[in-house]
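Source file: structure-v2.cif; contents: mmCIF, C-alpha atoms.
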data_work
loop_
_atom_site.label_atom_id
_atom_site.label_comp_id
_atom_site.auth_asym_id
_atom_site.auth_seq_id
_atom_site.Cartn_x
_atom_site.Cartn_y
_atom_site.Cartn_z
CA MET B 1 86.46 124.44 123.75
CA LYS B 2 86.50 122.54 120.47
CA ARG B 3 83.86 119.81 120.10
CA LYS B 4 85.01 116.18 120.13
CA LYS B 5 83.40 113.32 118.24
CA VAL B 6 83.01 109.57 118.62
CA LEU B 7 82.42 107.82 115.29
CA PHE B 8 81.02 104.27 115.26
CA ILE B 9 81.64 102.08 112.22
CA CYS B 10 80.04 98.84 111.08
CA THR B 11 79.45 97.24 107.71
CA GLY B 12 76.17 98.69 106.44
CA ASN B 13 75.32 101.40 109.01
CA THR B 14 71.86 99.90 109.49
CA CYS B 15 72.19 97.77 112.64
CA ARG B 16 75.15 98.01 115.04
CA SER B 17 76.70 101.43 114.48
CA PRO B 18 73.38 103.33 114.46
CA MET B 19 72.42 101.55 117.69
CA ALA B 20 75.78 102.49 119.24
CA GLU B 21 75.38 106.08 118.06
CA ALA B 22 71.90 106.39 119.56
CA LEU B 23 72.89 104.70 122.83
CA LEU B 24 76.00 106.83 123.38
CA ARG B 25 74.17 110.04 122.43
CA ASP B 26 71.48 109.18 124.99
CA LYS B 27 74.08 108.44 127.70
CA ILE B 28 75.98 111.66 126.96
CA LYS B 29 72.76 113.64 127.28
CA LYS B 30 71.67 111.90 130.49
CA ASN B 31 75.13 112.40 132.03
CA LYS B 32 75.16 116.08 130.95
CA ILE B 33 78.49 115.65 129.18
CA LYS B 34 79.28 118.69 127.05
CA TRP B 35 81.42 119.14 123.95
CA TRP B 36 81.01 115.57 122.61
CA ASP B 37 79.12 114.54 119.48
CA VAL B 38 78.38 111.07 118.16
CA ALA B 39 77.98 109.80 114.60
CA SER B 40 78.10 106.52 112.68
CA CYS B 41 79.01 105.30 109.20
CA GLY B 42 79.20 102.08 107.26
CA ILE B 43 82.11 100.62 105.35
CA GLN B 44 79.57 99.52 102.71
CA ALA B 45 76.57 101.66 103.63
CA ASP B 46 73.30 101.33 101.76
CA ILE B 47 72.82 104.96 100.76
CA GLY B 48 69.15 105.83 100.70
CA GLY B 49 68.40 102.97 103.09
CA THR B 50 67.21 103.13 106.67
CA ILE B 51 67.97 101.68 110.07
CA SER B 52 66.93 98.04 110.34
CA PRO B 53 63.45 97.57 111.82
CA ASN B 54 64.79 95.33 114.60
CA SER B 55 67.46 97.89 115.56
CA LYS B 56 64.77 100.54 115.72
CA SER B 57 62.53 98.30 117.84
CA ALA B 58 65.33 97.31 120.23
CA LEU B 59 66.13 100.98 120.81
CA GLN B 60 62.48 101.95 121.23
CA GLU B 61 62.21 99.33 123.99
CA VAL B 62 64.67 101.41 126.04
CA GLY B 63 63.06 104.74 125.15
CA ILE B 64 65.36 105.85 122.31
CA SER B 65 63.93 107.14 119.03
CA VAL B 66 65.85 106.91 115.75
CA ASP B 67 63.14 108.02 113.35
CA LYS B 68 65.39 110.46 111.49
CA PHE B 69 68.41 108.15 111.07
CA VAL B 70 69.88 107.81 107.56
CA PRO B 71 72.83 105.47 106.79
CA ARG B 72 76.07 107.18 105.72
CA GLN B 73 79.03 105.87 103.74
CA LEU B 74 82.36 106.05 105.57
CA SER B 75 84.98 108.43 104.20
CA GLN B 76 88.44 109.48 105.32
CA LYS B 77 86.94 112.88 106.15
CA HIS B 78 84.67 111.23 108.74
CA ILE B 79 87.64 109.51 110.35
CA THR B 80 89.86 112.60 110.29
CA GLY B 81 87.11 114.69 111.87
CA SER B 82 86.66 112.27 114.78
CA THR B 83 88.42 112.14 118.11
CA LEU B 84 87.71 108.43 118.55
CA VAL B 85 86.71 105.96 115.82
CA VAL B 86 85.18 102.71 117.09
CA CYS B 87 84.70 99.68 114.84
CA MET B 88 82.37 96.86 115.84
CA THR B 89 84.94 94.11 115.16
CA ALA B 90 88.68 93.62 115.14
CA SER B 91 88.57 92.75 111.42
CA GLN B 92 86.92 96.09 110.61
CA LYS B 93 89.61 97.86 112.64
CA GLN B 94 92.26 95.97 110.70
CA MET B 95 90.81 97.26 107.41
CA LEU B 96 91.06 100.85 108.69
CA GLU B 97 94.30 100.70 110.68
CA ASP B 98 96.15 103.19 108.50
CA CYS B 99 93.34 105.75 108.63
CA GLY B 100 93.83 107.35 112.02
CA ASN B 101 92.57 107.03 115.59
CA VAL B 102 90.77 103.69 115.08
CA VAL B 103 89.95 101.17 117.81
CA CYS B 104 87.40 98.39 118.04
CA VAL B 105 84.92 97.39 120.71
CA ARG B 106 87.21 94.46 121.59
CA ASP B 107 89.96 96.97 122.48
CA ILE B 108 87.54 98.80 124.74
CA CYS B 109 85.77 95.99 126.56
CA GLY B 110 87.13 92.65 125.36
CA TYR B 111 84.56 91.48 122.83
CA ASP B 112 83.47 92.05 119.25
CA ILE B 113 79.89 93.00 118.36
CA PRO B 114 78.66 90.36 115.87
CA ASP B 115 76.33 91.51 113.11
CA PRO B 116 72.69 90.69 113.95
CA TYR B 117 71.55 91.46 110.38
CA GLY B 118 68.65 89.21 109.40
CA MET B 119 68.24 87.72 112.87
CA ASP B 120 65.27 87.91 115.24
CA ILE B 121 64.57 90.71 117.71
CA GLU B 122 66.29 88.82 120.55
CA ALA B 123 69.63 89.00 118.69
CA TYR B 124 69.15 92.76 118.38
CA ARG B 125 68.39 93.05 122.10
CA ILE B 126 71.61 91.18 122.88
CA THR B 127 73.48 93.50 120.49
CA ARG B 128 71.87 96.57 122.07
CA ASP B 129 72.84 95.48 125.56
CA ALA B 130 76.43 94.66 124.54
CA LEU B 131 76.69 98.07 122.85
CA SER B 132 75.23 99.80 125.88
CA LEU B 133 77.97 98.29 128.05
CA ALA B 134 80.60 99.31 125.49
CA CYS B 135 79.23 102.87 125.58
CA ASP B 136 79.59 102.90 129.37
CA TYR B 137 83.26 101.91 128.95
CA ILE B 138 83.74 104.63 126.31
CA ILE B 139 82.34 107.28 128.65
CA LYS B 140 84.41 106.10 131.61
CA ASN B 141 87.69 105.32 129.84
CA TYR B 142 87.76 107.78 126.95
CA ILE B 143 85.37 110.68 127.25
CA LEU B 144 85.78 111.40 130.98
CA VAL B 145 89.52 110.66 130.86
CA TYR B 146 89.93 112.98 127.87
CA LYS B 147 87.97 115.69 129.66
CA GLU B 148 90.14 115.39 132.79
CA SER B 149 93.34 115.66 130.75
CA LEU B 150 92.41 119.11 129.42
#
Show me the file's structure as structure tokens.
Amino acid sequence: MKRKKVLFICTGNTCRSPMAEALLRDKIKKNKIKWWDVASCGIQADIGGTISPNSKSALQEVGISVDKFVPRQLSQKHITGSTLVVCMTASQKQMLEDCGNVVCVRDICGYDIPDPYGMDIEAYRITRDALSLACDYIIKNYILVYKESL
């Protein structure tokens, strides 16, 4: 069976999309779901940067390590190589509408994921928890549904 991929997209690939990537990867592993990979990119990624310290801390609080994460710049190749592309906001989706299989978190669970960049750790915890719920929806309504349709 060919591997499938979920690609998360945010602005800089330092806060929201890396958190979503790490959360979904952890849930896929814990649920023993095979044949699915997860990645993330930024529309304006800071190449050579790193995940934001508060994103890293919020993930560590729930037992997820992201020590090796490196931000990546979005390209059409990333989108084309993905089964499902998930933007954090409807406006990001609108920018990428003509690129392929692009949805946003609002399409999946009814809300956007605001950028916590520069905010305190509590904002990152709220973001983490909102993303965790979105990942649950993705597993239930996309990954498991896709698997059953094979």
Within 12 Å of Asn13 of chain B using only C-alpha atoms, minus same-chain residues under 5 positions, as number ranges by chain:
B: 7-8, 18-21, 39-52, 55, 69-74, 87-88, 115, 117
Now that the selection is made, can you save its residues with C-alpha atoms as a PDB file, in the frame of the given file?
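Once everything was written out, this is part28.pdb:
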ATOM      1  CA  LEU B   7      82.420 107.820 115.290  1.00  0.00           C
ATOM      2  CA  PHE B   8      81.020 104.270 115.260  1.00  0.00           C
ATOM      3  CA  PRO B  18      73.380 103.330 114.460  1.00  0.00           C
ATOM      4  CA  MET B  19      72.420 101.550 117.690  1.00  0.00           C
ATOM      5  CA  ALA B  20      75.780 102.490 119.240  1.00  0.00           C
ATOM      6  CA  GLU B  21      75.380 106.080 118.060  1.00  0.00           C
ATOM      7  CA  ALA B  39      77.980 109.800 114.600  1.00  0.00           C
ATOM      8  CA  SER B  40      78.100 106.520 112.680  1.00  0.00           C
ATOM      9  CA  CYS B  41      79.010 105.300 109.200  1.00  0.00           C
ATOM     10  CA  GLY B  42      79.200 102.080 107.260  1.00  0.00           C
ATOM     11  CA  ILE B  43      82.110 100.620 105.350  1.00  0.00           C
ATOM     12  CA  GLN B  44      79.570  99.520 102.710  1.00  0.00           C
ATOM     13  CA  ALA B  45      76.570 101.660 103.630  1.00  0.00           C
ATOM     14  CA  ASP B  46      73.300 101.330 101.760  1.00  0.00           C
ATOM     15  CA  ILE B  47      72.820 104.960 100.760  1.00  0.00           C
ATOM     16  CA  GLY B  48      69.150 105.830 100.700  1.00  0.00           C
ATOM     17  CA  GLY B  49      68.400 102.970 103.090  1.00  0.00           C
ATOM     18  CA  THR B  50      67.210 103.130 106.670  1.00  0.00           C
ATOM     19  CA  ILE B  51      67.970 101.680 110.070  1.00  0.00           C
ATOM     20  CA  SER B  52      66.930  98.040 110.340  1.00  0.00           C
ATOM     21  CA  SER B  55      67.460  97.890 115.560  1.00  0.00           C
ATOM     22  CA  PHE B  69      68.410 108.150 111.070  1.00  0.00           C
ATOM     23  CA  VAL B  70      69.880 107.810 107.560  1.00  0.00           C
ATOM     24  CA  PRO B  71      72.830 105.470 106.790  1.00  0.00           C
ATOM     25  CA  ARG B  72      76.070 107.180 105.720  1.00  0.00           C
ATOM     26  CA  GLN B  73      79.030 105.870 103.740  1.00  0.00           C
ATOM     27  CA  LEU B  74      82.360 106.050 105.570  1.00  0.00           C
ATOM     28  CA  CYS B  87      84.700  99.680 114.840  1.00  0.00           C
ATOM     29  CA  MET B  88      82.370  96.860 115.840  1.00  0.00           C
ATOM     30  CA  ASP B 115      76.330  91.510 113.110  1.00  0.00           C
ATOM     31  CA  TYR B 117      71.550  91.460 110.380  1.00  0.00           C
TER      32      TYR B 117
END
Item checked: the PyMOL selection byres ((chain B and resi 90) around 7) resolved against shown file, as a ChimeraX atom specification -> /B:89,91-94,104,106,112
| message | Evaluate the PyMOL selection byres ((chain B and resi 128) around 8) against this structure - the residues, as number ranges by chain, please. | response | B: 16, 19-20, 55, 58-59, 124-127, 129-132
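Between atom CA of Asp26 of chain B and atom CA of Ile64 of chain B the separation is 7.5 Å.
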- Can you turn the PyMOL selection byres ((chain B and resi 101) around 8) into a concrete residue list for this file, as a PyMOL selection string? chain B and resi 79+82-85+99-100+102-103
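Atom CA of Ile33 of chain B is found 18.9 Å from atom CA of Val86 of chain B.
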Can you pull out every residue within 12 Å of Lys30 of chain B, counting all atoms listed in the file, but drop anything in the same chain fewer than 5 positions away, and send it as an mmCIF file with C-alpha atoms, in the frame of the given file?
data_model
loop_
_atom_site.group_PDB
_atom_site.id
_atom_site.type_symbol
_atom_site.label_atom_id
_atom_site.label_comp_id
_atom_site.auth_asym_id
_atom_site.auth_seq_id
_atom_site.Cartn_x
_atom_site.Cartn_y
_atom_site.Cartn_z
ATOM 1 C CA LEU B 23 72.890 104.700 122.830
ATOM 2 C CA LEU B 24 76.000 106.830 123.380
ATOM 3 C CA ARG B 25 74.170 110.040 122.430
ATOM 4 C CA ILE B 64 65.360 105.850 122.310
ATOM 5 C CA ILE B 139 82.340 107.280 128.650
#
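Candidate residues B:Ala134, B:Ile143, B:Ala22, B:Asp107 were compared for distance to Ser65 of chain B, and the nearest is B:Ala22, using only C-alpha atoms.
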